[in-house]
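Undergrad: Pasting a structure here, questions to come.
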Amino acid sequence: MKLFLKEHALLILLNIVQFTAILLIYWLDGYRNLLPALYAIFIGFFFLVCYLFYQYFSRRTFYHRLSHPMETLDESLQKSSPHPVSEAMNDLLRSQYKQYQQQINTIEKEREEHLKLMDQWVHQMKTPISVIELTAQNLDEPDSSSIREETERMKSGLNTILYMARLRTIEQDFQIKPIHLKSLVHEVNGENKRFYIRNKVYPKVEERTEGLTVQSDEKWLYFILTQLVLNAVKYSADKSNSILISIYEREKEAVLEVKDFGVGIPEADKRRIFDAFYTGENGRKFRESTGMGLYLIKESVEYLHHRIEFESRVGEGTTFRILFSETQKR
């Protein structure tokens with residue numbers, strides 16, 4: 001209604017000025033019988049109001065469509081009222097819709113090709129890294145350890161790239177099944193034992209509630225826990241020699257908790273730690289930070305319909321918790 005009145009405001013004002021001018025002309029000419037003149041003006045306003053009512057009610061769908069933003073792109077194909085202006089707008093929107101669809105399809109195709117290329121490249125790079133690791137085993141120390149340390153960093157970076165590429169198609173990559181949390185923790189610890197030894201930070205596993213099993217995707221949950229463990233060790237090195245991985249139940253939710261006793265997260269950085277590429281104050285001190293680990297964790301946790309929360313104090317350490325709503329015990 002507001003849009004309709006704005007569009008016809010000039011017409012209404014023009015009629016008021018016109019009727020006023022006619023009355024003024026008659027008055028200046030000496031005509032003093034106002035009743036016929038007022039009656040004529042009333043008839044004029046009556047026809048104006050009838051015209052406006054007809055215009056509004058015959059095109060109210062059109063005005064409603066213009067006044068309310070579209071929630072989806074498909075709404076641009078909806079028809080409004082059968083009037084020339086409305087039909088012209090429908091044709092314009094359909095034309096724009098086709099152009100947008102073509103552009104979206106082109107971008108989607110390019111994105112899929114890019115992700116496929118990234119996926120293939122990561123897998124191709126893993127083979128030479130494995131060969132380098134095998135070759136390094138035949139070298140003397142400390143050269144052997146130094147080379148294997150660098151290859152582990154490369155593998156970690158490649159895994160991050162791989163999961164970044166898979167994140168946009170994560171819903172197609174789901175395989176939800178029961179996962180025994182303690183077994184998953186032992187698997188992650190076993191895979192990262194050289195990382196623990198190199199940094200002289202060792203995990204302690206505390207199973208407060210025995211036999212907790214959750215419904216999740218094993219591959220993505222393994223990635224989430226690995227990222228939390230790597231961060232905990234990295235920010236604990238030279239400050240503490242242990243991290244604590246706890247499994248327990250809280251208010252009918254299973255909790256997987258990773259706690260370190262390291263540098264902690266500054267208060268100013270807490271609200272942005274899950275932003276992509278944000279490294280914060282600690283990231284400037286620890287040059288290996290990419291700012292993508294916690295971002296990928298948050299995104300994947302939300303896709304899996306779990307929850308994540310954290311607590312941190314500078315100089316005392318940080319605690320991350322993954323909360324699962326669907327749990328069962330062995």
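By order in the structure tokens, chains are A, B, ...; within a chain, residues start at 1; ligands start at 1, following the order shown.
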For Ile179 (chain A), work out the shell of residues within 10 Å, counting only C-alpha atoms and skipping chain neighbours fewer than 2 positions away, then give it as a list in words.
TA: Ile176, Lys177, Leu181, Lys182, Ser183, Leu184, Leu212, Thr213, Val214, Gln215, Ser216, Asp217, Glu218, Leu221, Thr327 and Gln328 of chain A
Undergrad: Fewer than 3 positions away in the same chain doesn't count, so skip those; otherwise give me all residues within 12 Å of Leu11 (chain A), counting only C-alpha atoms, as a ChimeraX atom specification.
TA: /A:4-8,14-18,45,48-49,51-52
Undergrad: Per DSSP on the backbone, filter region 149-180 of chain A down to the residues in helix (DSSP H, G or I) and report them as a PDB file with N, CA, C and O atoms, in the first residue's frame.
TA:
ATOM      1  N   GLU A 149      60.349 -34.882  10.596  1.00  0.00           N
ATOM      2  CA  GLU A 149      59.580 -33.790  11.204  1.00  0.00           C
ATOM      3  C   GLU A 149      58.979 -32.892  10.136  1.00  0.00           C
ATOM      4  O   GLU A 149      57.805 -32.506  10.206  1.00  0.00           O
ATOM      5  N   GLU A 150      59.785 -32.566   9.124  1.00  0.00           N
ATOM      6  CA  GLU A 150      59.286 -31.699   8.057  1.00  0.00           C
ATOM      7  C   GLU A 150      58.232 -32.404   7.212  1.00  0.00           C
ATOM      8  O   GLU A 150      57.258 -31.777   6.779  1.00  0.00           O
ATOM      9  N   THR A 151      58.417 -33.697   6.971  1.00  0.00           N
ATOM     10  CA  THR A 151      57.416 -34.422   6.188  1.00  0.00           C
ATOM     11  C   THR A 151      56.095 -34.528   6.946  1.00  0.00           C
ATOM     12  O   THR A 151      55.017 -34.490   6.331  1.00  0.00           O
ATOM     13  N   GLU A 152      56.147 -34.630   8.257  1.00  0.00           N
ATOM     14  CA  GLU A 152      54.916 -34.650   9.055  1.00  0.00           C
ATOM     15  C   GLU A 152      54.182 -33.317   8.949  1.00  0.00           C
ATOM     16  O   GLU A 152      52.952 -33.277   8.876  1.00  0.00           O
ATOM     17  N   ARG A 153      54.931 -32.233   8.935  1.00  0.00           N
ATOM     18  CA  ARG A 153      54.310 -30.917   8.753  1.00  0.00           C
ATOM     19  C   ARG A 153      53.655 -30.814   7.385  1.00  0.00           C
ATOM     20  O   ARG A 153      52.556 -30.264   7.234  1.00  0.00           O
ATOM     21  N   MET A 154      54.352 -31.348   6.379  1.00  0.00           N
ATOM     22  CA  MET A 154      53.792 -31.323   5.032  1.00  0.00           C
ATOM     23  C   MET A 154      52.519 -32.160   4.949  1.00  0.00           C
ATOM     24  O   MET A 154      51.525 -31.745   4.354  1.00  0.00           O
ATOM     25  N   LYS A 155      52.519 -33.320   5.584  1.00  0.00           N
ATOM     26  CA  LYS A 155      51.330 -34.170   5.593  1.00  0.00           C
ATOM     27  C   LYS A 155      50.169 -33.490   6.309  1.00  0.00           C
ATOM     28  O   LYS A 155      49.016 -33.563   5.865  1.00  0.00           O
ATOM     29  N   SER A 156      50.476 -32.811   7.405  1.00  0.00           N
ATOM     30  CA  SER A 156      49.433 -32.093   8.137  1.00  0.00           C
ATOM     31  C   SER A 156      48.834 -30.976   7.283  1.00  0.00           C
ATOM     32  O   SER A 156      47.613 -30.791   7.239  1.00  0.00           O
ATOM     33  N   GLY A 157      49.699 -30.240   6.585  1.00  0.00           N
ATOM     34  CA  GLY A 157      49.209 -29.177   5.709  1.00  0.00           C
ATOM     35  C   GLY A 157      48.389 -29.716   4.553  1.00  0.00           C
ATOM     36  O   GLY A 157      47.352 -29.146   4.179  1.00  0.00           O
ATOM     37  N   LEU A 158      48.816 -30.834   3.976  1.00  0.00           N
ATOM     38  CA  LEU A 158      48.065 -31.446   2.877  1.00  0.00           C
ATOM     39  C   LEU A 158      46.702 -31.934   3.342  1.00  0.00           C
ATOM     40  O   LEU A 158      45.701 -31.808   2.622  1.00  0.00           O
ATOM     41  N   ASN A 159      46.648 -32.503   4.543  1.00  0.00           N
ATOM     42  CA  ASN A 159      45.361 -32.944   5.085  1.00  0.00           C
ATOM     43  C   ASN A 159      44.409 -31.776   5.299  1.00  0.00           C
ATOM     44  O   ASN A 159      43.211 -31.883   5.051  1.00  0.00           O
ATOM     45  N   THR A 160      44.959 -30.648   5.756  1.00  0.00           N
ATOM     46  CA  THR A 160      44.124 -29.455   5.937  1.00  0.00           C
ATOM     47  C   THR A 160      43.543 -28.998   4.613  1.00  0.00           C
ATOM     48  O   THR A 160      42.354 -28.682   4.507  1.00  0.00           O
ATOM     49  N   ILE A 161      44.376 -28.988   3.562  1.00  0.00           N
ATOM     50  CA  ILE A 161      43.905 -28.603   2.229  1.00  0.00           C
ATOM     51  C   ILE A 161      42.837 -29.573   1.740  1.00  0.00           C
ATOM     52  O   ILE A 161      41.811 -29.175   1.177  1.00  0.00           O
ATOM     53  N   LEU A 162      43.076 -30.869   1.965  1.00  0.00           N
ATOM     54  CA  LEU A 162      42.127 -31.882   1.513  1.00  0.00           C
ATOM     55  C   LEU A 162      40.774 -31.718   2.184  1.00  0.00           C
ATOM     56  O   LEU A 162      39.728 -31.770   1.530  1.00  0.00           O
ATOM     57  N   TYR A 163      40.780 -31.485   3.489  1.00  0.00           N
ATOM     58  CA  TYR A 163      39.506 -31.331   4.195  1.00  0.00           C
ATOM     59  C   TYR A 163      38.837 -29.994   3.880  1.00  0.00           C
ATOM     60  O   TYR A 163      37.608 -29.894   3.908  1.00  0.00           O
ATOM     61  N   MET A 164      39.620 -28.982   3.557  1.00  0.00           N
ATOM     62  CA  MET A 164      39.026 -27.724   3.092  1.00  0.00           C
ATOM     63  C   MET A 164      38.286 -27.947   1.784  1.00  0.00           C
ATOM     64  O   MET A 164      37.182 -27.430   1.573  1.00  0.00           O
ATOM     65  N   ALA A 165      38.888 -28.726   0.888  1.00  0.00           N
ATOM     66  CA  ALA A 165      38.251 -29.014  -0.391  1.00  0.00           C
ATOM     67  C   ALA A 165      36.988 -29.852  -0.210  1.00  0.00           C
ATOM     68  O   ALA A 165      36.007 -29.685  -0.932  1.00  0.00           O
ATOM     69  N   ARG A 166      37.002 -30.749   0.762  1.00  0.00           N
ATOM     70  CA  ARG A 166      35.852 -31.624   0.983  1.00  0.00           C
ATOM     71  C   ARG A 166      34.743 -30.960   1.788  1.00  0.00           C
ATOM     72  O   ARG A 166      33.619 -31.463   1.818  1.00  0.00           O
ATOM     73  N   LEU A 167      35.051 -29.851   2.441  1.00  0.00           N
ATOM     74  CA  LEU A 167      34.084 -29.245   3.358  1.00  0.00           C
ATOM     75  C   LEU A 167      32.799 -28.860   2.644  1.00  0.00           C
ATOM     76  O   LEU A 167      31.706 -29.018   3.182  1.00  0.00           O
ATOM     77  N   ILE A 170      30.558 -31.824   2.158  1.00  0.00           N
ATOM     78  CA  ILE A 170      30.601 -32.688   3.341  1.00  0.00           C
ATOM     79  C   ILE A 170      29.320 -33.509   3.491  1.00  0.00           C
ATOM     80  O   ILE A 170      29.354 -34.657   3.930  1.00  0.00           O
ATOM     81  N   GLU A 171      28.176 -32.954   3.094  1.00  0.00           N
ATOM     82  CA  GLU A 171      26.921 -33.669   3.252  1.00  0.00           C
ATOM     83  C   GLU A 171      26.881 -34.925   2.381  1.00  0.00           C
ATOM     84  O   GLU A 171      26.199 -35.893   2.703  1.00  0.00           O
ATOM     85  N   GLN A 172      27.601 -34.906   1.251  1.00  0.00           N
ATOM     86  CA  GLN A 172      27.672 -36.078   0.389  1.00  0.00           C
ATOM     87  C   GLN A 172      28.717 -37.071   0.888  1.00  0.00           C
ATOM     88  O   GLN A 172      28.802 -38.194   0.400  1.00  0.00           O
ATOM     89  N   ASP A 173      29.535 -36.630   1.844  1.00  0.00           N
ATOM     90  CA  ASP A 173      30.653 -37.437   2.335  1.00  0.00           C
ATOM     91  C   ASP A 173      30.338 -38.093   3.678  1.00  0.00           C
ATOM     92  O   ASP A 173      31.186 -38.741   4.265  1.00  0.00           O
TER      93      ASP A 173
END
Undergrad: CA of Met89 (chain A) and CA of Gln103 (chain A), how far apart in Å?
TA: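 The value is 21.0 Å.
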Undergrad: With distances taken over only C-alpha atoms, which residue among A:Ser240, A:Thr226, A:Asn105, A:Thr135 lies nearest His186 (chain A)?
TA: A:Thr226
